[in-house]
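See below for structure.tsv, which holds TSV, C-alpha atoms.
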chain	number	residue	atom	x	y	z
A	2	MET	CA	4.42	10.93	15.34
A	3	ILE	CA	4.82	7.32	16.42
A	4	ASN	CA	8.32	6.25	17.41
A	5	VAL	CA	8.96	2.53	16.87
A	6	LEU	CA	11.59	2.67	19.63
A	7	LEU	CA	9.00	3.83	22.16
A	8	ASP	CA	5.45	3.22	20.97
A	9	PRO	CA	3.34	0.21	19.94
A	10	LEU	CA	2.59	0.19	16.23
A	11	PRO	CA	-0.99	1.23	15.42
A	12	THR	CA	-3.83	-1.18	14.70
A	13	GLU	CA	-6.51	1.47	14.22
A	14	TYR	CA	-6.99	4.87	12.61
A	15	LYS	CA	-8.94	7.44	14.61
A	16	GLY	CA	-10.73	4.65	16.47
A	17	PHE	CA	-11.46	2.52	13.38
A	18	PRO	CA	-9.73	-0.90	13.43
A	19	ILE	CA	-7.39	-1.67	10.51
A	20	ASP	CA	-5.59	-4.74	9.24
A	21	ALA	CA	-1.97	-3.62	9.62
A	22	ASP	CA	-0.36	-6.85	8.39
A	23	PHE	CA	2.49	-6.30	5.93
A	24	GLN	CA	0.83	-8.55	3.35
A	25	ILE	CA	-2.22	-6.28	3.40
A	26	GLY	CA	0.05	-3.28	2.84
A	27	ILE	CA	1.64	-4.96	-0.18
A	28	GLN	CA	-1.77	-5.82	-1.64
A	29	ILE	CA	-2.92	-2.23	-1.13
A	30	MET	CA	0.10	-0.86	-3.02
A	31	GLN	CA	-0.47	-3.38	-5.80
A	32	ALA	CA	-4.11	-2.31	-6.09
A	33	LEU	CA	-3.20	1.37	-6.29
A	34	GLU	CA	-0.57	0.67	-8.96
A	35	ASP	CA	-2.75	-1.68	-11.01
A	36	GLY	CA	-3.20	-0.10	-14.42
A	37	ASP	CA	-6.19	-2.35	-15.12
A	38	LEU	CA	-8.16	-0.71	-12.31
A	39	THR	CA	-9.69	2.74	-12.44
A	40	ARG	CA	-8.84	5.19	-9.66
A	41	GLN	CA	-12.17	4.48	-7.99
A	42	GLU	CA	-11.71	0.71	-8.25
A	43	GLY	CA	-8.19	0.89	-6.82
A	44	GLN	CA	-9.43	3.02	-3.94
A	45	ALA	CA	-12.31	0.64	-3.24
A	46	VAL	CA	-10.02	-2.41	-3.13
A	47	ALA	CA	-7.47	-0.61	-0.94
A	48	LEU	CA	-10.04	0.62	1.57
A	49	ASP	CA	-11.77	-2.74	1.72
A	50	LEU	CA	-8.41	-4.36	2.55
A	51	LEU	CA	-7.39	-1.77	5.14
A	52	PHE	CA	-10.46	-1.25	7.32
A	53	LEU	CA	-11.83	-4.22	9.25
A	54	GLN	CA	-15.54	-4.75	8.72
A	55	GLU	CA	-16.13	-7.39	11.41
A	56	ASP	CA	-14.65	-8.11	14.82
A	57	LYS	CA	-13.29	-11.53	15.88
A	58	ASN	CA	-16.80	-12.66	16.73
A	59	GLY	CA	-18.22	-11.71	13.35
A	60	HIS	CA	-20.02	-8.63	14.60
A	61	PRO	CA	-20.12	-5.63	12.20
A	62	LEU	CA	-17.69	-2.80	12.94
A	63	PRO	CA	-18.32	0.89	12.22
A	64	LEU	CA	-16.49	2.27	9.18
A	65	PRO	CA	-15.19	5.80	8.55
A	66	ASP	CA	-16.77	8.00	5.91
A	67	PHE	CA	-15.07	8.04	2.52
A	68	GLU	CA	-13.00	11.17	3.10
A	69	MET	CA	-11.66	9.96	6.44
A	70	ALA	CA	-11.03	6.51	4.99
A	71	LEU	CA	-8.85	7.99	2.22
A	72	GLU	CA	-6.95	10.02	4.80
A	73	GLY	CA	-6.41	6.82	6.75
A	74	LEU	CA	-5.15	5.05	3.64
A	75	VAL	CA	-2.53	7.70	2.94
A	76	TRP	CA	-1.56	7.73	6.63
A	77	PHE	CA	-1.12	3.95	6.64
A	78	LEU	CA	1.09	3.98	3.56
A	79	THR	CA	3.26	6.96	4.45
A	80	GLU	CA	3.31	7.75	8.18
A	81	TRP	CA	6.00	5.15	8.94
A	82	ASN	CA	8.49	7.24	6.93
A	83	HIS	CA	9.91	10.27	8.72
A	84	ASP	CA	12.01	11.59	5.81
A	85	HIS	CA	10.47	14.20	3.58
A	86	ASN	CA	12.76	14.87	0.61
A	87	SER	CA	11.05	14.61	-2.75
A	88	ARG	CA	12.09	12.25	-5.52
A	89	GLY	CA	11.60	13.69	-8.99
A	90	ASP	CA	12.08	10.45	-10.94
A	91	LYS	CA	8.92	8.32	-10.79
A	92	THR	CA	10.40	5.21	-12.42
A	93	ARG	CA	9.23	2.04	-10.71
A	94	ILE	CA	12.10	0.12	-9.17
A	95	THR	CA	10.25	-2.55	-7.18
A	96	ASP	CA	7.63	-5.11	-8.15
A	97	TYR	CA	6.44	-7.35	-5.34
A	98	ASP	CA	5.72	-10.21	-7.74
A	99	ILE	CA	8.95	-10.07	-9.75
A	100	ASP	CA	11.14	-9.28	-6.73
A	101	GLN	CA	9.43	-11.66	-4.31
A	102	TRP	CA	12.34	-14.11	-3.92
A	103	ARG	CA	14.95	-11.38	-3.65
A	104	ILE	CA	12.97	-9.73	-0.84
A	105	TYR	CA	12.16	-13.04	0.84
A	106	SER	CA	15.78	-14.23	0.84
A	107	ALA	CA	17.06	-10.84	2.04
A	108	PHE	CA	14.79	-10.97	5.10
A	109	ARG	CA	15.79	-14.57	5.82
A	110	GLN	CA	19.50	-13.79	5.48
A	111	HIS	CA	19.74	-10.45	7.27
A	112	TYR	CA	16.89	-10.56	9.80
A	113	GLY	CA	16.08	-14.25	10.21
A	114	ILE	CA	12.47	-13.44	9.24
A	115	ASN	CA	10.38	-15.82	7.13
A	116	LEU	CA	8.01	-13.57	5.20
A	117	ASN	CA	5.91	-16.58	4.22
A	118	THR	CA	5.02	-17.51	7.82
A	119	ASP	CA	6.08	-14.72	10.20
A	120	LYS	CA	3.75	-11.84	11.05
A	121	LEU	CA	4.93	-8.24	10.72
A	122	HIS	CA	3.23	-4.88	10.97
A	123	PHE	CA	3.35	-3.12	7.59
A	124	TRP	CA	5.38	-0.25	9.06
A	125	GLU	CA	7.92	-2.70	10.50
A	126	PHE	CA	8.20	-4.42	7.12
A	127	MET	CA	8.75	-1.15	5.28
A	128	GLY	CA	11.29	0.09	7.80
A	129	LEU	CA	13.31	-3.12	7.46
A	130	LEU	CA	12.94	-3.30	3.67
A	131	THR	CA	14.16	0.24	3.06
A	132	THR	CA	17.23	-0.19	5.29
A	133	LEU	CA	18.45	-3.55	3.99
A	134	PRO	CA	22.22	-3.82	3.60
A	135	GLU	CA	23.59	-4.72	0.18
A	136	CYS	CA	22.03	-7.90	-1.20
A	137	SER	CA	20.57	-9.26	-4.44
A	138	TYR	CA	17.44	-7.13	-3.98
A	139	THR	CA	19.27	-3.85	-3.39
A	140	ARG	CA	21.66	-4.55	-6.28
A	141	VAL	CA	18.73	-5.04	-8.67
A	142	ILE	CA	16.90	-1.88	-7.61
A	143	ASP	CA	20.21	0.01	-7.84
A	144	ILE	CA	20.47	-1.13	-11.46
A	145	ARG	CA	16.89	-0.06	-12.22
A	146	ALA	CA	17.44	3.36	-10.65
A	147	LYS	CA	20.89	3.96	-12.13
A	148	LYS	CA	21.09	6.85	-14.56
A	149	ILE	CA	23.13	6.21	-17.69
A	150	THR	CA	25.22	9.31	-18.38
A	151	SER	CA	27.84	10.51	-20.82
A	152	LYS	CA	30.38	10.50	-17.98
A	153	MET	CA	30.39	6.70	-17.94
A	154	GLY	CA	32.96	4.77	-19.87
A	155	LYS	CA	31.85	2.89	-22.96
A	156	ASP	CA	32.05	-0.53	-21.29
A	157	GLU	CA	30.27	0.63	-18.13
A	158	ARG	CA	27.49	2.24	-20.13
A	159	LYS	CA	27.04	-0.89	-22.25
A	160	ALA	CA	26.96	-3.10	-19.15
A	161	TYR	CA	24.25	-1.00	-17.49
A	162	VAL	CA	22.15	-0.93	-20.67
A	163	GLU	CA	22.20	-4.73	-20.79
A	164	LEU	CA	21.50	-5.11	-17.06
A	165	LYS	CA	18.59	-2.69	-17.24
A	166	LYS	CA	17.07	-4.83	-19.99
A	167	VAL	CA	17.38	-7.93	-17.82
A	168	TYR	CA	15.75	-6.36	-14.76
A	169	ALA	CA	13.36	-3.93	-16.46
A	170	LEU	CA	9.85	-3.51	-15.06
A	171	ASP	CA	6.79	-2.61	-17.07
A	172	GLN	CA	5.97	0.95	-16.12
A	173	ALA	CA	2.51	1.61	-14.75
A	174	LYS	CA	-0.11	2.69	-17.25
A	175	GLU	CA	-1.25	6.30	-17.15
A	176	VAL	CA	-3.91	6.29	-14.45
A	177	GLU	CA	-5.40	9.36	-12.81
A	178	TYR	CA	-4.42	9.41	-9.12
A	179	THR	CA	-5.04	12.00	-6.46
A	180	ASP	CA	-2.02	13.86	-5.10
A	181	SER	CA	-2.26	11.85	-1.89
A	182	GLN	CA	-2.24	8.55	-3.79
A	183	LYS	CA	0.76	9.64	-5.85
A	184	GLN	CA	2.57	10.48	-2.62
A	185	ALA	CA	1.79	7.06	-1.19
A	186	ILE	CA	2.85	5.18	-4.33
A	187	ASP	CA	6.07	7.18	-4.81
A	188	ASP	CA	7.14	7.04	-1.17
A	189	PHE	CA	8.76	3.63	-1.28
A	190	ASP	CA	10.84	4.20	-4.44
A	191	ARG	CA	12.03	7.56	-3.14
A	192	ILE	CA	13.39	6.04	0.04
A	193	MET	CA	15.07	3.22	-1.86
A	194	GLU	CA	16.77	5.81	-4.08
A	195	GLU	CA	18.10	7.56	-0.97
A	196	GLN	CA	19.42	4.25	0.36
A	197	ARG	CA	21.07	3.56	-3.00
A	198	LYS	CA	22.94	6.86	-2.82
A	199	ILE	CA	24.09	6.02	0.71
A	200	ARG	CA	25.42	2.65	-0.46
A	201	GLU	CA	27.26	4.28	-3.37
A	202	ALA	CA	28.82	6.84	-1.03
A	203	LYS	CA	30.01	4.06	1.28
A	204	LYS	CA	31.58	2.22	-1.65
A	205	LEU	CA	33.42	5.36	-2.75
A	206	ALA	CA	34.64	5.99	0.78
A	207	GLN	CA	35.86	2.40	1.10
A	208	LYS	CA	37.71	2.63	-2.23
A	209	ALA	CA	39.33	5.93	-1.22
A	210	PHE	CA	40.46	4.36	2.06
A	211	GLU	CA	41.93	1.35	0.26
A	212	ASP	CA	43.79	3.62	-2.16
A	213	MET	CA	45.40	5.40	0.79
A	214	ILE	CA	46.77	2.18	2.25
Let me see whether you can do it: turn the structure in this file into structure tokens.
Amino acid sequence: MINVLLDPLPTEYKGFPIDADFQIGIQIMQALEDGDLTRQEGQAVALDLLFLQEDKNGHPLPLPDFEMALEGLVWFLTEWNHDHNSRGDKTRITDYDIDQWRIYSAFRQHYGINLNTDKLHFWEFMGLLTTLPECSYTRVIDIRAKKITSKMGKDERKAYVELKKVYALDQAKEVEYTDSQKQAIDDFDRIMEEQRKIREAKKLAQKAFEDMI
């Protein structure tokens, strides 16, 4: 296990050089979620993006066999996350096209990072994204993930129904993925759901404290 507090972030998998830039990671996730691509096409695009085929001098680089390459893909998408609880709900709550400005502005505001020009390792990007404090991006994904229940008041329920319409994402088409691909695709939304619950707990604690004063 790599510890970002102690270790350099990886730029190869089992000796095979990879492009670990965060923009490559985003494009890989988009390819795997693209309902217009077959499973094989999504895999081919993802692997072509991840593994470098030439060195800086244009010389060909060795590539892993297909099985090892897929293992490397799953590793790249998931190994940064050290939490392992499962998330049953598979509803998409982030779209890197629709949410681009919310994510961009959140990184500028909270980290001073310009995602249009600055370079980040994909693991660094994901670690920062999934631990953002409350902002326009986290509020929108909270709305998308919020469950409408009978315990809500009439006005609250109506408000969430309307907000969900405003921020709704088209759900991915039914595409056959391997278990490893499903894990990789679901990983991000699961962590964001955990962060949402933490934020809600903090709000409740703050309200309880204010009521005591």
Which polymer residues, protein or nucleic acid, are no farther than 12 Å from (-0.5, -2.7, -1.3), counting all atoms listed in the file, as a PyMOL selection string? chain A and resi 20-35+43-44+46-51+74-75+77-79+96-98+123+127+182+185-186+189
Residue contacts of stretch 147-158 of chain A (12 Å, all atoms listed in the file) excluding same-chain residues fewer than 2 positions away, as a VMD selection string: chain A and resid 90 92 to 94 139 to 145 160 to 165 168 to 169 193 to 194 197 to 198 201
Can you list, as a ChimeraX atom specification, every protein, DNA or RNA residue that comes within 12 Å of A:Tyr112 when you count only C-alpha atoms, leaving out same-chain residues fewer than 6 positions away? /A:104-106,119,125-126,129-130,132-134
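In this structure, atom CA of A:Thr12 sits 10.8 Å away from atom CA of A:Trp124.
Between A:Ile3 and the residues A:Trp76, A:Glu42, A:Arg103, A:Asp171, the shortest atom-to-atom distance, using only C-alpha atoms, involves A:Trp76.
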Work out where the centre of an axis-aligned box around every listed atom of stretch 107-114 of chain A lies and how long its edges are once 6 Å is added on each side; give both in Å to one decimal as JSON.
{"center_x": 16.1, "center_y": -12.5, "center_z": 6.1, "size_x": 19.3, "size_y": 16.1, "size_z": 20.2}
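The nearest approach to A:His83 among the residues A:Ala45, A:Val167, A:Met2, A:Ala202, with all atoms listed in the file taken into account, belongs to A:Met2.
Restricting the calculation to only C-alpha atoms, the smallest distance between A:Trp102 and any of A:Pro18, A:Leu116, A:Lys159, A:Gln54 is found for A:Leu116.
Nearest residue to A:Lys204 among A:Asn58, A:Glu68, A:Glu135, A:Arg40 is A:Glu135, counting all atoms listed in the file.
Each of A:Gly73, A:Gly36, A:Lys203, A:Asn4 was compared to A:Ile19 using all atoms listed in the file, and A:Gly73 turns out to be the nearest.
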Point out the residue among A:Gln41, A:Arg200, A:Leu64, A:Tyr138 with the least atom-to-atom distance to A:Asp100, counting only C-alpha atoms. A:Tyr138
Which value, in Å to one decimal, gives the distance between atom CA of A:Asp56 and atom CA of A:Pro11? 16.6 Å
At what distance in Å, to one decimal, does atom CA of A:Trp81 lie from atom CA of A:Leu10? 9.5 Å
